[in-house]
Structure formats: structure tokens, C-alpha cells
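**Q** Contents of coords29.txt (compact mmCIF, C-alpha atoms) are below:
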# COMPACT_ATOMS: atom_id res chain seq x y z
CA MET A 26 14.95 -38.29 -33.65
CA THR A 27 12.19 -37.23 -36.06
CA ALA A 28 9.19 -39.46 -36.69
CA GLY A 29 8.53 -40.84 -40.14
CA ALA A 30 6.07 -39.59 -42.77
CA GLY A 31 2.38 -39.91 -41.95
CA ILE A 32 2.84 -39.83 -38.19
CA GLU A 33 1.92 -36.13 -38.19
CA ALA A 34 -1.57 -36.91 -39.47
CA LEU A 35 -2.00 -39.54 -36.77
CA PHE A 36 -1.11 -37.11 -34.01
CA THR A 37 -3.25 -34.38 -35.56
CA THR A 38 -6.22 -36.71 -35.10
CA ALA A 39 -5.11 -37.94 -31.67
CA LEU A 40 -4.79 -34.38 -30.37
CA GLY A 41 -8.25 -33.53 -31.72
CA LEU A 42 -7.00 -30.72 -33.94
CA GLN A 43 -9.29 -29.27 -36.61
CA PRO A 44 -8.34 -27.30 -39.74
CA PRO A 45 -6.60 -24.94 -40.10
CA TRP A 46 -4.52 -26.45 -37.23
CA GLU A 47 -2.38 -29.52 -37.83
CA VAL A 48 0.74 -31.27 -36.51
CA VAL A 49 3.59 -30.74 -38.94
CA GLN A 50 6.48 -32.27 -37.01
CA VAL A 51 7.01 -34.79 -34.19
CA GLN A 52 10.37 -34.74 -32.41
CA LEU A 53 11.15 -37.63 -30.04
CA GLU A 54 14.20 -37.38 -27.77
CA THR A 55 14.64 -40.61 -25.82
CA ALA A 56 17.65 -39.30 -23.87
CA ARG A 57 15.61 -36.41 -22.47
CA ARG A 58 12.46 -38.60 -22.21
CA ARG A 59 10.54 -35.96 -24.10
CA ILE A 60 8.38 -35.65 -27.21
CA ASP A 61 7.62 -32.34 -28.93
CA PHE A 62 4.80 -31.62 -31.37
CA GLU A 63 5.06 -28.69 -33.78
CA VAL A 64 1.54 -27.41 -34.55
CA ARG A 65 0.85 -25.00 -37.40
CA CYS A 66 -2.07 -22.82 -38.43
CA SER A 67 -2.28 -22.82 -42.23
CA ALA A 68 -4.97 -20.13 -42.49
CA LYS A 69 -4.16 -16.80 -44.11
CA ARG A 70 -7.21 -15.02 -42.70
CA LEU A 71 -9.16 -15.59 -39.44
CA ALA A 72 -12.18 -14.22 -37.57
CA CYS A 73 -11.53 -11.44 -35.04
CA PRO A 74 -11.35 -12.89 -31.50
CA HIS A 75 -13.07 -9.75 -30.13
CA CYS A 76 -15.96 -8.87 -32.44
CA GLY A 77 -16.12 -12.07 -34.53
CA LEU A 78 -15.79 -10.30 -37.88
CA ALA A 79 -14.72 -12.94 -40.42
CA GLU A 80 -11.87 -12.94 -42.92
CA GLN A 81 -9.50 -10.61 -41.09
CA GLY A 82 -5.80 -10.43 -41.88
CA ILE A 83 -3.06 -11.91 -39.72
CA HIS A 84 -0.85 -9.24 -38.19
CA ASP A 85 1.96 -11.49 -36.93
CA ARG A 86 2.57 -14.76 -35.05
CA LEU A 87 3.80 -15.31 -31.50
CA ARG A 88 5.69 -18.40 -30.33
CA ARG A 89 3.85 -20.35 -27.61
CA CYS A 90 4.30 -23.76 -25.95
CA TRP A 91 2.14 -25.91 -23.65
CA ARG A 92 2.77 -28.95 -21.46
CA HIS A 93 0.50 -31.82 -22.51
CA LEU A 94 -0.40 -35.24 -21.11
CA ASP A 95 2.51 -37.66 -21.15
CA PHE A 96 2.99 -39.84 -24.21
CA PHE A 97 3.79 -43.25 -22.68
CA GLN A 98 6.77 -42.47 -20.43
CA TYR A 99 7.68 -39.30 -22.36
CA GLU A 100 6.92 -35.74 -21.29
CA ALA A 101 4.90 -34.16 -24.12
CA TRP A 102 4.94 -30.55 -25.28
CA LEU A 103 2.99 -28.66 -27.94
CA HIS A 104 4.59 -25.73 -29.81
CA ALA A 105 2.91 -23.28 -32.18
CA ASP A 106 3.32 -19.87 -33.75
CA VAL A 107 -0.08 -18.47 -32.78
CA PRO A 108 -1.51 -15.83 -35.14
CA ARG A 109 -2.50 -12.36 -34.00
CA VAL A 110 -5.45 -10.99 -35.92
CA ALA A 111 -5.67 -7.32 -36.94
CA CYS A 112 -9.39 -6.46 -37.20
CA SER A 113 -10.60 -3.82 -39.62
CA GLY A 114 -13.94 -3.64 -37.81
CA CYS A 115 -13.13 -3.03 -34.14
CA GLY A 116 -9.56 -1.91 -34.80
CA LYS A 117 -8.06 -4.29 -32.23
CA THR A 118 -5.16 -6.68 -32.68
CA ALA A 119 -5.63 -9.83 -30.64
CA GLN A 120 -4.19 -13.33 -30.39
CA ALA A 121 -6.34 -16.05 -31.91
CA PRO A 122 -7.58 -18.63 -29.40
CA VAL A 123 -6.34 -22.22 -29.53
CA ALA A 124 -8.71 -25.12 -28.95
CA TRP A 125 -6.39 -27.13 -26.70
CA ALA A 126 -5.62 -24.54 -23.99
CA ARG A 127 -7.03 -21.47 -22.30
CA GLU A 128 -5.32 -18.16 -22.90
CA GLY A 129 -2.31 -17.49 -20.71
CA SER A 130 -1.90 -21.06 -19.52
CA GLY A 131 1.30 -22.99 -20.09
CA PHE A 132 -0.64 -26.27 -19.83
CA THR A 133 -3.16 -27.82 -22.18
CA ALA A 134 -6.76 -28.13 -20.99
CA LEU A 135 -6.42 -31.92 -20.70
CA PHE A 136 -3.30 -31.59 -18.54
CA GLU A 137 -5.09 -29.13 -16.24
CA ALA A 138 -8.09 -31.45 -16.00
CA LEU A 139 -5.82 -34.30 -14.93
CA ALA A 140 -4.08 -32.05 -12.39
CA LEU A 141 -7.41 -31.03 -10.80
CA SER A 142 -8.54 -34.65 -10.65
CA LEU A 143 -5.35 -35.63 -8.83
CA CYS A 144 -5.51 -32.68 -6.41
CA ALA A 145 -9.06 -33.66 -5.49
CA GLN A 146 -7.78 -37.09 -4.39
CA MET A 147 -4.26 -36.56 -3.02
CA PRO A 148 -2.06 -33.87 -1.45
CA VAL A 149 -1.22 -31.07 -3.87
CA ARG A 150 2.53 -31.44 -3.33
CA GLN A 151 2.30 -35.16 -4.07
CA ALA A 152 0.30 -34.46 -7.24
CA ALA A 153 2.95 -31.94 -8.33
CA GLU A 154 5.70 -34.53 -7.89
CA LEU A 155 3.71 -37.06 -9.90
CA LEU A 156 3.12 -34.57 -12.72
CA ARG A 157 6.69 -33.23 -12.56
CA CYS A 158 5.71 -29.60 -12.08
CA SER A 159 5.76 -27.14 -9.18
CA ASP A 160 3.01 -27.10 -6.57
CA LYS A 161 2.67 -23.33 -7.15
CA GLN A 162 1.57 -24.05 -10.73
CA LEU A 163 -1.11 -26.41 -9.44
CA TRP A 164 -2.34 -23.95 -6.82
CA LEU A 165 -2.83 -21.34 -9.57
CA ARG A 166 -4.91 -23.82 -11.61
CA ILE A 167 -6.99 -24.83 -8.60
CA GLU A 168 -7.71 -21.20 -7.79
CA HIS A 169 -8.67 -20.41 -11.39
CA TYR A 170 -11.04 -23.32 -12.01
CA VAL A 171 -12.63 -23.21 -8.55
CA GLY A 172 -13.25 -19.49 -9.05
CA CYS A 173 -14.90 -20.12 -12.42
CA ALA A 174 -17.03 -22.97 -11.05
CA ARG A 175 -18.13 -20.94 -8.01
CA HIS A 176 -19.09 -18.03 -10.26
CA GLY A 177 -21.88 -20.15 -11.73
CA ASP A 178 -22.81 -21.91 -8.48
CA ASP A 179 -26.54 -21.87 -7.64
CA MET A 180 -27.47 -21.39 -3.95
CA SER A 181 -31.17 -20.69 -4.48
CA GLY A 182 -32.19 -23.90 -2.67
CA VAL A 183 -30.18 -23.32 0.53
CA ARG A 184 -32.38 -23.51 3.63
CA ARG A 185 -30.29 -25.06 6.44
CA ILE A 186 -26.69 -24.04 7.04
CA GLY A 187 -23.87 -24.88 9.45
CA ILE A 188 -21.29 -22.29 10.50
CA ASP A 189 -17.96 -23.34 11.97
CA GLU A 190 -14.36 -22.25 12.32
CA THR A 191 -11.10 -24.04 11.63
CA SER A 192 -7.52 -22.98 12.28
CA LEU A 193 -5.08 -22.75 9.41
CA ARG A 194 -2.02 -23.38 11.52
CA LYS A 195 -0.75 -22.89 15.04
CA GLY A 196 -1.72 -19.53 16.45
CA HIS A 197 -4.88 -17.55 15.98
CA ASN A 198 -5.23 -17.72 12.21
CA TYR A 199 -8.80 -18.89 11.56
CA ILE A 200 -11.11 -19.60 8.65
CA THR A 201 -14.92 -19.47 8.89
CA VAL A 202 -16.71 -22.09 6.80
CA VAL A 203 -20.42 -22.29 5.94
CA HIS A 204 -22.02 -25.54 4.79
CA ASP A 205 -25.33 -26.52 3.25
CA LEU A 206 -26.56 -29.14 5.73
CA GLU A 207 -29.09 -30.62 3.32
CA ALA A 208 -26.92 -30.82 0.19
CA LYS A 209 -23.89 -31.66 2.39
CA ARG A 210 -21.48 -29.34 0.64
CA LEU A 211 -19.28 -26.35 1.37
CA LEU A 212 -20.93 -23.07 0.39
CA PHE A 213 -18.54 -20.39 1.57
CA ALA A 214 -15.23 -19.86 3.36
CA THR A 215 -13.43 -16.71 4.40
CA GLU A 216 -10.68 -15.53 6.72
CA GLY A 217 -11.57 -14.57 10.30
CA ARG A 218 -14.20 -15.67 12.78
CA ASP A 219 -16.01 -12.47 13.78
CA HIS A 220 -19.60 -11.45 13.08
CA GLU A 221 -18.57 -9.82 9.79
CA THR A 222 -17.90 -13.26 8.32
CA VAL A 223 -21.64 -14.01 8.54
CA HIS A 224 -22.41 -10.78 6.68
CA ALA A 225 -19.82 -11.75 4.05
CA PHE A 226 -21.57 -15.11 3.60
CA VAL A 227 -24.95 -13.41 3.13
CA GLN A 228 -23.48 -11.19 0.40
CA ASP A 229 -22.00 -14.25 -1.32
CA LEU A 230 -25.33 -16.08 -0.98
CA GLN A 231 -27.17 -13.23 -2.71
CA ALA A 232 -24.54 -13.17 -5.47
CA HIS A 233 -25.38 -16.82 -6.19
CA GLN A 234 -29.19 -16.50 -6.43
CA GLY A 235 -29.69 -17.32 -2.74
CA ASP A 236 -32.21 -15.57 -0.50
CA PRO A 237 -31.16 -14.85 3.12
CA ALA A 238 -34.83 -14.59 4.13
CA LYS A 239 -35.31 -18.26 3.21
CA ILE A 240 -32.60 -19.55 5.57
CA GLU A 241 -34.63 -21.43 8.16
CA HIS A 242 -31.97 -23.00 10.39
CA VAL A 243 -28.40 -22.25 11.45
CA CYS A 244 -26.28 -24.83 13.28
CA GLN A 245 -23.22 -23.29 14.95
CA ASP A 246 -21.03 -23.30 18.04
CA MET A 247 -21.60 -20.99 21.01
CA SER A 248 -19.42 -18.24 19.61
CA GLY A 249 -20.78 -14.84 20.56
CA ALA A 250 -19.44 -13.42 17.29
CA TYR A 251 -21.40 -15.90 15.15
CA LEU A 252 -24.52 -15.37 17.28
CA LYS A 253 -24.26 -11.62 16.71
CA GLY A 254 -23.73 -12.08 12.97
CA VAL A 255 -26.65 -14.49 12.57
CA SER A 256 -28.94 -12.27 14.67
CA GLN A 257 -28.13 -9.31 12.43
CA ALA A 258 -27.96 -10.94 9.00
CA LEU A 259 -30.34 -13.91 9.39
CA PRO A 260 -32.79 -12.82 12.13
CA GLN A 261 -35.56 -15.21 11.03
CA ALA A 262 -33.38 -18.35 11.27
CA ALA A 263 -33.66 -20.75 14.22
CA ILE A 264 -30.28 -21.34 15.88
CA SER A 265 -29.03 -24.65 17.26
CA TYR A 266 -25.69 -25.32 18.95
CA ASP A 267 -24.26 -28.49 17.49
CA ARG A 268 -23.54 -31.54 19.63
CA PHE A 269 -19.91 -31.77 18.58
CA HIS A 270 -19.00 -28.43 20.18
CA VAL A 271 -21.09 -28.86 23.33
CA VAL A 272 -19.52 -32.26 24.07
CA ALA A 273 -16.10 -30.79 23.21
CA LEU A 274 -16.68 -28.09 25.83
CA ALA A 275 -17.41 -30.81 28.38
CA GLY A 276 -14.17 -32.54 27.37
CA GLN A 277 -12.26 -29.29 27.87
CA ALA A 278 -13.82 -28.81 31.32
CA MET A 279 -12.79 -32.37 32.24
CA ASP A 280 -9.20 -31.72 31.11
CA GLN A 281 -9.11 -28.54 33.21
CA VAL A 282 -10.24 -30.46 36.30
CA ARG A 283 -7.66 -33.21 35.73
CA THR A 284 -4.78 -30.77 35.11
CA SER A 285 -5.67 -28.67 38.14
CA GLU A 286 -5.96 -31.70 40.42
CA TRP A 287 -2.68 -33.26 39.30
CA ARG A 288 -0.91 -29.98 40.05
CA SER A 289 -2.64 -28.98 43.30
CA HIS A 290 -3.22 -32.43 44.87
CA PRO A 291 -0.33 -34.64 43.72
CA LYS A 292 -0.45 -36.73 46.91
CA ALA A 293 -4.08 -37.72 46.35
CA VAL A 294 -3.25 -38.80 42.81
CA THR A 295 -0.20 -40.75 44.01
CA GLU A 296 -2.32 -42.60 46.58
CA VAL A 297 -4.55 -43.89 43.79
CA PHE A 298 -1.88 -44.77 41.23
CA GLY A 299 1.06 -45.47 43.52
CA ASP A 300 4.39 -45.70 41.73
CA LYS A 301 2.88 -46.17 38.28
CA ASP A 302 5.16 -44.99 35.51
CA SER A 303 4.56 -41.93 33.35
CA GLU A 304 3.16 -44.08 30.55
CA THR A 305 0.29 -45.10 32.84
CA ARG A 306 -0.43 -41.44 33.60
CA LYS A 307 -0.36 -40.71 29.89
CA GLY A 308 -2.68 -43.64 29.25
CA LEU A 309 -5.08 -42.20 31.82
CA MET A 310 -5.08 -38.82 30.10
CA TRP A 311 -5.97 -40.32 26.72
CA GLY A 312 -8.35 -42.83 28.25
CA MET A 313 -10.38 -39.99 29.76
CA ARG A 314 -10.60 -38.32 26.37
CA LYS A 315 -11.60 -41.42 24.38
CA ASN A 316 -14.71 -43.59 24.38
CA PRO A 317 -14.36 -46.87 26.33
CA GLN A 318 -14.66 -48.80 23.05
CA GLY A 319 -11.42 -47.22 21.89
CA TRP A 320 -9.32 -47.87 24.97
CA THR A 321 -6.03 -49.71 24.63
CA ALA A 322 -5.07 -52.26 27.31
CA ARG A 323 -2.92 -49.67 29.12
CA GLN A 324 -5.67 -47.05 28.96
CA GLY A 325 -8.26 -49.54 30.20
CA ALA A 326 -6.09 -50.47 33.18
CA ALA A 327 -5.55 -46.80 34.08
CA MET A 328 -9.28 -46.05 33.81
CA HIS A 329 -10.00 -49.07 36.04
CA TRP A 330 -8.05 -47.39 38.86
CA LEU A 331 -9.56 -43.98 38.17
CA GLN A 332 -13.19 -45.15 38.30
CA ARG A 333 -12.65 -46.70 41.73
CA SER A 334 -11.09 -43.58 43.16
CA HIS A 335 -12.57 -40.48 44.81
CA LEU A 336 -10.57 -38.08 42.67
CA GLN A 337 -12.20 -35.02 41.16
CA SER A 338 -10.93 -36.28 37.80
CA ALA A 339 -13.13 -39.35 38.17
CA ARG A 340 -16.21 -37.20 38.79
CA ALA A 341 -15.31 -34.96 35.86
CA TRP A 342 -15.00 -37.97 33.57
CA ARG A 343 -18.38 -39.33 34.72
CA MET A 344 -20.00 -35.94 34.11
CA LYS A 345 -18.61 -35.77 30.58
CA MET A 346 -19.81 -39.29 29.81
CA SER A 347 -23.21 -38.54 31.34
CA LEU A 348 -23.66 -35.57 29.00
CA ARG A 349 -22.88 -37.84 26.05
CA GLU A 350 -25.55 -40.24 27.30
CA VAL A 351 -28.08 -37.39 27.47
CA TYR A 352 -27.41 -36.72 23.79
CA ALA A 353 -27.56 -40.43 22.93
CA ARG A 354 -30.99 -40.85 24.60
CA ALA A 355 -32.26 -37.72 22.84
CA ARG A 356 -31.36 -39.29 19.48
CA GLU A 357 -33.39 -42.37 20.44
CA HIS A 358 -36.59 -40.81 21.79
CA ASN A 359 -36.40 -37.57 19.73
CA ASP A 360 -38.74 -35.86 22.20
CA SER A 361 -38.22 -32.22 23.14
CA GLY A 362 -39.83 -32.51 26.59
CA SER A 363 -37.70 -35.50 27.59
CA ALA A 364 -34.54 -33.86 26.25
CA GLN A 365 -35.20 -30.69 28.24
CA LEU A 366 -35.85 -32.65 31.43
CA GLU A 367 -32.70 -34.78 31.16
CA LEU A 368 -30.52 -31.80 30.25
CA ARG A 369 -31.85 -29.80 33.23
CA ARG A 370 -30.98 -32.71 35.53
CA TRP A 371 -27.45 -32.77 34.16
CA LEU A 372 -27.13 -28.99 34.57
CA SER A 373 -28.28 -29.26 38.19
CA TRP A 374 -25.61 -31.90 38.82
CA ALA A 375 -22.95 -29.77 37.16
CA ARG A 376 -23.87 -26.69 39.20
CA ARG A 377 -23.70 -28.70 42.44
CA SER A 378 -20.46 -30.49 41.51
CA ARG A 379 -18.17 -27.81 42.98
CA LEU A 380 -15.97 -28.34 39.93
CA LYS A 381 -15.47 -24.81 38.64
CA PRO A 382 -15.02 -25.70 34.94
CA PHE A 383 -18.32 -27.62 34.97
CA VAL A 384 -20.09 -24.86 36.91
CA ARG A 385 -19.02 -22.44 34.17
CA LEU A 386 -20.10 -24.90 31.46
CA ALA A 387 -23.52 -25.27 33.12
CA LYS A 388 -23.93 -21.50 33.05
CA THR A 389 -22.97 -21.35 29.37
CA ILE A 390 -25.40 -24.13 28.38
CA THR A 391 -28.19 -22.54 30.44
CA GLU A 392 -27.72 -19.26 28.56
CA HIS A 393 -28.08 -21.14 25.26
CA PHE A 394 -30.58 -23.74 26.50
CA ASP A 395 -33.16 -23.62 23.68
CA GLY A 396 -30.51 -23.82 20.96
CA VAL A 397 -28.78 -26.73 22.69
CA VAL A 398 -32.03 -28.71 23.00
CA ARG A 399 -32.92 -27.95 19.39
CA ALA A 400 -29.61 -29.43 18.26
CA MET A 401 -30.08 -32.52 20.45
CA LEU A 402 -33.04 -33.47 18.25
CA ASP A 403 -31.46 -32.41 14.95
CA ASN A 404 -29.62 -35.61 14.06
CA ARG A 405 -29.02 -34.72 10.40
CA SER A 406 -27.21 -31.49 11.22
CA ASN A 407 -25.21 -33.04 14.05
CA ALA A 408 -24.02 -35.94 11.92
CA TYR A 409 -22.86 -33.74 9.07
CA VAL A 410 -21.22 -31.12 11.30
CA GLU A 411 -19.13 -33.86 12.91
CA ALA A 412 -18.29 -35.35 9.49
CA MET A 413 -17.41 -31.88 8.24
CA ASN A 414 -14.68 -31.54 10.87
CA GLY A 415 -13.13 -34.78 9.63
CA LEU A 416 -13.27 -33.56 6.04
CA LEU A 417 -11.58 -30.28 6.97
CA LEU A 418 -8.75 -32.24 8.60
CA GLN A 419 -8.33 -34.16 5.34
CA VAL A 420 -8.25 -30.86 3.43
CA LYS A 421 -5.49 -29.59 5.74
CA ARG A 422 -3.44 -32.69 5.02
CA ALA A 423 -4.09 -32.35 1.28
CA ALA A 424 -3.09 -28.68 1.40
CA ARG A 425 0.09 -29.32 3.38
CA GLY A 426 2.53 -26.61 2.39
CA PHE A 427 -0.15 -24.12 1.34
CA ARG A 428 1.16 -20.58 1.48
CA THR A 429 -1.98 -18.51 1.88
CA ALA A 430 -5.51 -18.72 3.23
CA LYS A 431 -6.66 -18.32 -0.38
CA ASN A 432 -5.01 -21.64 -1.26
CA PHE A 433 -6.65 -23.43 1.65
CA ILE A 434 -10.09 -22.05 0.73
CA ALA A 435 -9.63 -23.07 -2.90
CA ILE A 436 -8.73 -26.69 -2.09
CA ALA A 437 -11.61 -26.84 0.43
CA HIS A 438 -14.05 -25.82 -2.32
CA LEU A 439 -12.49 -28.31 -4.73
CA ARG A 440 -12.93 -31.20 -2.30
CA MET A 441 -16.06 -30.25 -0.38
CA GLY A 442 -17.98 -27.84 -2.61
CA ARG A 443 -19.49 -30.38 -5.02
CA LEU A 444 -18.99 -27.84 -7.79
CA LYS A 445 -20.54 -28.86 -11.10
CA ASP A 446 -18.52 -26.93 -13.67
CA LEU A 447 -15.05 -28.30 -13.03
CA PRO A 448 -12.97 -30.03 -15.76
CA GLN A 449 -13.43 -33.79 -15.73
CA SER A 450 -10.59 -36.29 -15.70
CA PRO A 451 -9.32 -37.10 -19.22
CA PHE A 452 -8.87 -40.74 -18.20
CA LYS A 453 -12.39 -42.01 -18.60
CA MET A 454 -13.12 -45.60 -19.46
CA ALA A 455 -13.05 -46.13 -23.22
CA GLU A 456 -15.88 -47.83 -25.07
CA PRO A 457 -15.24 -51.54 -25.71
CA GLY A 458 -14.14 -52.34 -29.24
CA ASN A 459 -16.04 -54.60 -31.64
CA ASP A 460 -13.26 -57.19 -31.84
CA THR A 461 -12.01 -57.31 -28.25
CA GLY A 462 -13.32 -57.29 -24.75
CA TYR A 463 -10.58 -55.04 -23.42
CA ARG A 464 -11.35 -51.68 -21.87
CA HIS A 465 -8.79 -48.87 -21.66
CA VAL A 466 -8.66 -46.75 -18.52
What would the structure in this file look like if it were written as C-alpha cells?

**A**
Amino acid sequence: MTAGAGIEALFTTALGLQPPWEVVQVQLETARRRIDFEVRCSAKRLACPHCGLAEQGIHDRLRRCWRHLDFFQYEAWLHADVPRVACSGCGKTAQAPVAWAREGSGFTALFEALALSLCAQMPVRQAAELLRCSDKQLWLRIEHYVGCARHGDDMSGVRRIGIDETSLRKGHNYITVVHDLEAKRLLFATEGRDHETVHAFVQDLQAHQGDPAKIEHVCQDMSGAYLKGVSQALPQAAISYDRFHVVALAGQAMDQVRTSEWRSHPKAVTEVFGDKDSETRKGLMWGMRKNPQGWTARQGAAMHWLQRSHLQSARAWRMKMSLREVYARAREHNDSGSAQLELRRWLSWARRSRLKPFVRLAKTITEHFDGVVRAMLDNRSNAYVEAMNGLLLQVKRAARGFRTAKNFIAIAHLRMGRLKDLPQSPFKMAEPGNDTGYRHV
């Protein structure tokens, strides 16, 4: 079905086309739920796309088509014979640019802007299903626009950074991420977790007007690789070991004690819990890992029995919770001397506990004592580092089905980078009309 006369002019205006471009035909196919717009360039001569020399002849025309935003419930496509200009000045023959799409893209700029807006809010595969395209096409657009936006990113004001690792999938496939702790945004991400990743970040920082000598503070875990990288590439920066990882190490030590005791002393465990079913044992495991405020009724009942026992697991749980209390009091008094004193008391307890995982943890914390205390008083960094881990989990869910580390890094920058030069959603609120109070979204 072909639209009637005059509709072409309407769509020429609606698509924002300027002379010499215009819509010359509108084809609506209700059975296929599709509408096609034939766009024509009426010019006989154009400026050279390379050197800009005006009034150059048209060599030939190439057929091109682009997917556009849907028209009501119909899938919309633009078609045009795009001129190629033969320049008498530079001698090159090049395709003339079109205002509605970037070169080489099968989507219009507005469609790509909508796709990026959706991918920033929902899983990429879900966005692809909504837009009726392949997720691979969206990944290519994300990579392109994130790369362009990062090219112009300004890191000159970066002073405090956080370095962390995250796993892509099961196994030992890791990504190192670097965040600006003050601006609360992702600065850099790369494959691996060795000391070379820190050097790679410094090179990227310099490429974006940043100065490594001005980095004052680095918040990281106790990785020897990151410590080596920071010592080499950012020697003037003060290092702190973030609360999230230190408390996580205590949780791991507690789990090791519980697992070892349940295997080596099953009778002692049975004496405490009797013939309790496996669900109670499972509730105990998760109860030990969670804060008391988050216990379910089953977990609370299991922890009631544990706390009244003489099991090593009970002591391990109390030691983990005591370390959390040391951090909580440090946030309240924010005093370095008090924090050092309370942490030394906890370390003394851990060394005397005869629980090997906690003895090892005490040794590790002692070796990094100054950095641990520094992080105890650095509430801003701690809060964001913990929030960052939650954001990375959201990115993993959004990137479900990603094929490469490059895809994961691109979606992480899209969601966490606060990049300024990304296309904005085409669905902005319209200005209210003079004769109605309605607003179009």
C-alpha cells in the first residue's frame, strides 16, 4: 500500500531531512508490519567529503538502507541511493555522508541512541528482543560509542582511585577495574590481575590528560600483584586495604574452620545439633555468613545452638563478628590511635586462637597493618568500593551472554563510567502545546 500525495512532505519534515534530501515515497505493508521510506538526493553536484571542495560531480550512486525507530507498531526502514562524489581537487571518490546515520551503520543515529539507552537500563539480550535485532548488533554499537566517548574522557582531576578484580565467569578469567573514588565512576578496565594491569591503567590515565604523580591514594585488596604495580607505577600514593576485602578474608577463614571441624570432628558437631536435619545444617552455614539482622527463623534457631556450644566454629564466628565491630567503632570515633589499639587486640586474639586460618589471617593483616588502619578511617572509599562490587554484579547480569571480555568492559563503561559524550535517548519529554496540557513521552 502506497501513501497518498503530500504524505512524503510530512515525513520529510518528521525525519528532519534538509535539501537536497527528501522523502519521495512511503510504502506501508500491514501484513509484514513494516513501513519503508524512499529517500532521494536531488543534487547534481556536492562538496567533496574529504577535502570539502564545493560543486564536485557525482560519480555514481550506491543503494543503502537503515533500520529506523518504529512507526507506531510498524518496523521502519529508510532506503536511499547515496551519491559518490568524484573530486577534481584531491582526486578521491568518496560516498557522501547522510545526516541520519553514521557511515557503515545499518541503523539510523536515533535507533542507535535508543538501543544504547535501553542497554544502559536492562540486559543486552532483553534489549535486542525488544528492538527485534540480534544482540551481536547491539554489542557492536555499545563498543563503538563507548570507545568514542572514552576517547574524549578527561581524567585530569583524578586523585583517589580504587583497584579491584572481578571474575568474568567460572574459572580464572579475571578483569581488573579501576575507579575514581571521588567522582564515583569507572575509569579503566582490562583483562588480567597482575602488576602489569596497573601499568596499563597509568598509560590510559596519561592518554586522558591525567597525571600519575597527582594520584594521592589507592584503595585495593591485599593482592601482591597490585601492591607491586602500585609501588612501581604510583610510588607516591598512599595505599589502603579496603574493608570489604579484609572482612571477606575473615569470612573465608571462618568457613575454613567450620568445614574442617565438620569433617574432622563430626561427633562433636552431632552432640551439639543432635539429629537435626540437613536443612538445619545448611541454615547454620548461611547464618554464620550473614549478619544477625538478616537471619531467617531457621538460621536464627541454628545460630542459637551454635553460640551456646564449645565448637571451634562458634569461636570462628565470634572472631569474624568481632572484626566487623572493630571496623564499626573505627567509623564512629575516626581516630587512628584507637583504631590501631583495637585492631592489635583483635590480632593478638587471633594469634592465640589456635585456629590456623585465623592465625594466617592475623599474619597477613600484620604485614599490611598501616594500610588496613588507613582504610578503617576512610569511610568514603570503603562505602564506594562495597557499592562498586554490587554494581559489577548488575553489569554481569546485564551482560549475560557476552562473548568476550571486550563486551563486558564496554557494558561496564556504559553503565558505570558516567561518560559524557554518549547519544541521548530520542524519547525526551516534548514541550507542552499551547492548546493542551498533554505531554508526549

**Q** For Val410 (chain A), find every residue with an atom within 10 Å (counting all atoms listed in the file), except residues of its own chain fewer than 6 positions away, and show them as a PyMOL selection string.

**A** chain A and resi 186-189+204+206+209+244-245+267-270+404+416

**Q** Determine, counting all atoms listed in the file, which protein, DNA and RNA residues have an atom within 9 Å of an atom of Gln337 (chain A); residues of the same chain fewer than 2 positions away are not included. Present the result as a PyMOL selection string.

**A** chain A and resi 282-283+286+334-335+339-342+380

**Q** Using all atoms listed in the file, I'd like a table of the residues in region 96-203 of chain A that come within 10 Å of region 442-449 of chain A; for each, show the closest atom pair and its distance in Å rounded to one decimal, ordered by chain and ascending number, as CSV.

**A**
residue,atom,partner,partner_atom,distance
A:Ala134,CA,A:Pro448,CA,8.3
A:Leu135,CA,A:Pro448,CA,8.4
A:Glu137,CA,A:Pro448,CA,7.9
A:Ala138,CA,A:Pro448,CA,5.1
A:Leu139,CA,A:Gln449,CA,7.7
A:Ala140,CA,A:Pro448,CA,9.7
A:Leu141,CA,A:Pro448,CA,7.5
A:Ser142,CA,A:Gln449,CA,7.1
A:Ile167,CA,A:Leu447,CA,9.8
A:Tyr170,CA,A:Leu447,CA,6.5
A:Val171,CA,A:Leu447,CA,7.2
A:Gly172,CA,A:Leu447,CA,9.8
A:Cys173,CA,A:Asp446,CA,7.8
A:Ala174,CA,A:Asp446,CA,5.0
A:Arg175,CA,A:Leu444,CA,7.0
A:His176,CA,A:Asp446,CA,9.5
A:Gly177,CA,A:Asp446,CA,7.8
A:Asp178,CA,A:Leu444,CA,7.1
A:Asp179,CA,A:Leu444,CA,9.6

**Q** So that I can see what lies close to His224 (chain A), please list as JSON, numbers by chain the residues with an atom at most 10 Å from it, counting only C-alpha atoms and leaving out residues fewer than 2 positions away in the same chain.

**A** {"A": [219, 220, 221, 222, 226, 227, 228, 229, 230, 251, 254, 255, 257, 258, 259]}

**Q** Would you mind reading off the distance between CA of Val49 (chain A) and CA of Thr37 (chain A), one decimal, in Å?

**A**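 Taking CA of Val49 (chain A) as the start and CA of Thr37 (chain A) as the end point, the length is 8.5 Å.
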
**Q** Name the residues in contact with region 315-326 of chain A at a cut-off of 12 Å, using only C-alpha atoms, excluding same-chain residues fewer than 2 positions from it; report them as a PyMOL selection string.

**A** chain A and resi 273+276+298+301-313+328-333+342-343+345-346+349-350

**Q** In Å to one decimal, how far is CA of Asp395 (chain A) from CA of Arg218 (chain A)?

**A**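 These two atoms are separated by 23.3 Å.
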
**Q** Counting only C-alpha atoms, which of A:Arg157, A:Arg150, A:His290, A:Arg88 gets nearest to Ala424 (chain A)?

**A**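 Closest candidate: A:Arg150.
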
**Q** Which is closer to Asp236 (chain A) than all the others in A:Arg194, A:Lys292, A:His75, A:Arg184, using all atoms listed in the file?

**A**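 Nearest candidate to Asp236 (chain A) out of A:Arg194, A:Lys292, A:His75, A:Arg184: A:Arg184.
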
**Q** Do you know which residues are at most 7 Å from Val64 (chain A) counting only C-alpha atoms, after dropping those on the same chain fewer than 4 positions away, and could you put them as a PyMOL selection string?

**A** chain A and resi 46-49+103-105

**Q** Between A:Cys90, A:Arg422, A:Glu80, A:Lys388, which has the minimum distance to Met147 (chain A) (counting all atoms listed in the file)?

**A**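 Going through A:Cys90, A:Arg422, A:Glu80, A:Lys388 one by one, the smallest distance to Met147 (chain A) is for A:Arg422.
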
**Q** Just checking: using only C-alpha atoms, which residue out of A:Val294, A:Val203, A:Ala208, A:Ala400 ends up closest to Ser181 (chain A)?

**A**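 Smallest separation from Ser181 (chain A) among the options: A:Ala208.
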
**Q** To one decimal in Å, tell me the separation between CA of Thr201 (chain A) and CA of Ala214 (chain A).

**A**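 Going from CA of Thr201 (chain A) over to CA of Ala214 (chain A) covers 5.6 Å.
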
**Q** Give as JSON, numbers by chain the set of residues within 7 Å of the point (-6.1, -25.4, 8.6), where distances use the file's coordinates and all atoms listed in the file.

**A** {"A": [191, 192, 193, 194, 421]}

**Q** When you count only C-alpha atoms, which of these residues is closest to Leu94 (chain A): A:Ile60, A:Leu417, A:Ala250, A:Ala375?

**A**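 Smallest distance to Leu94 (chain A) is found for A:Ile60.
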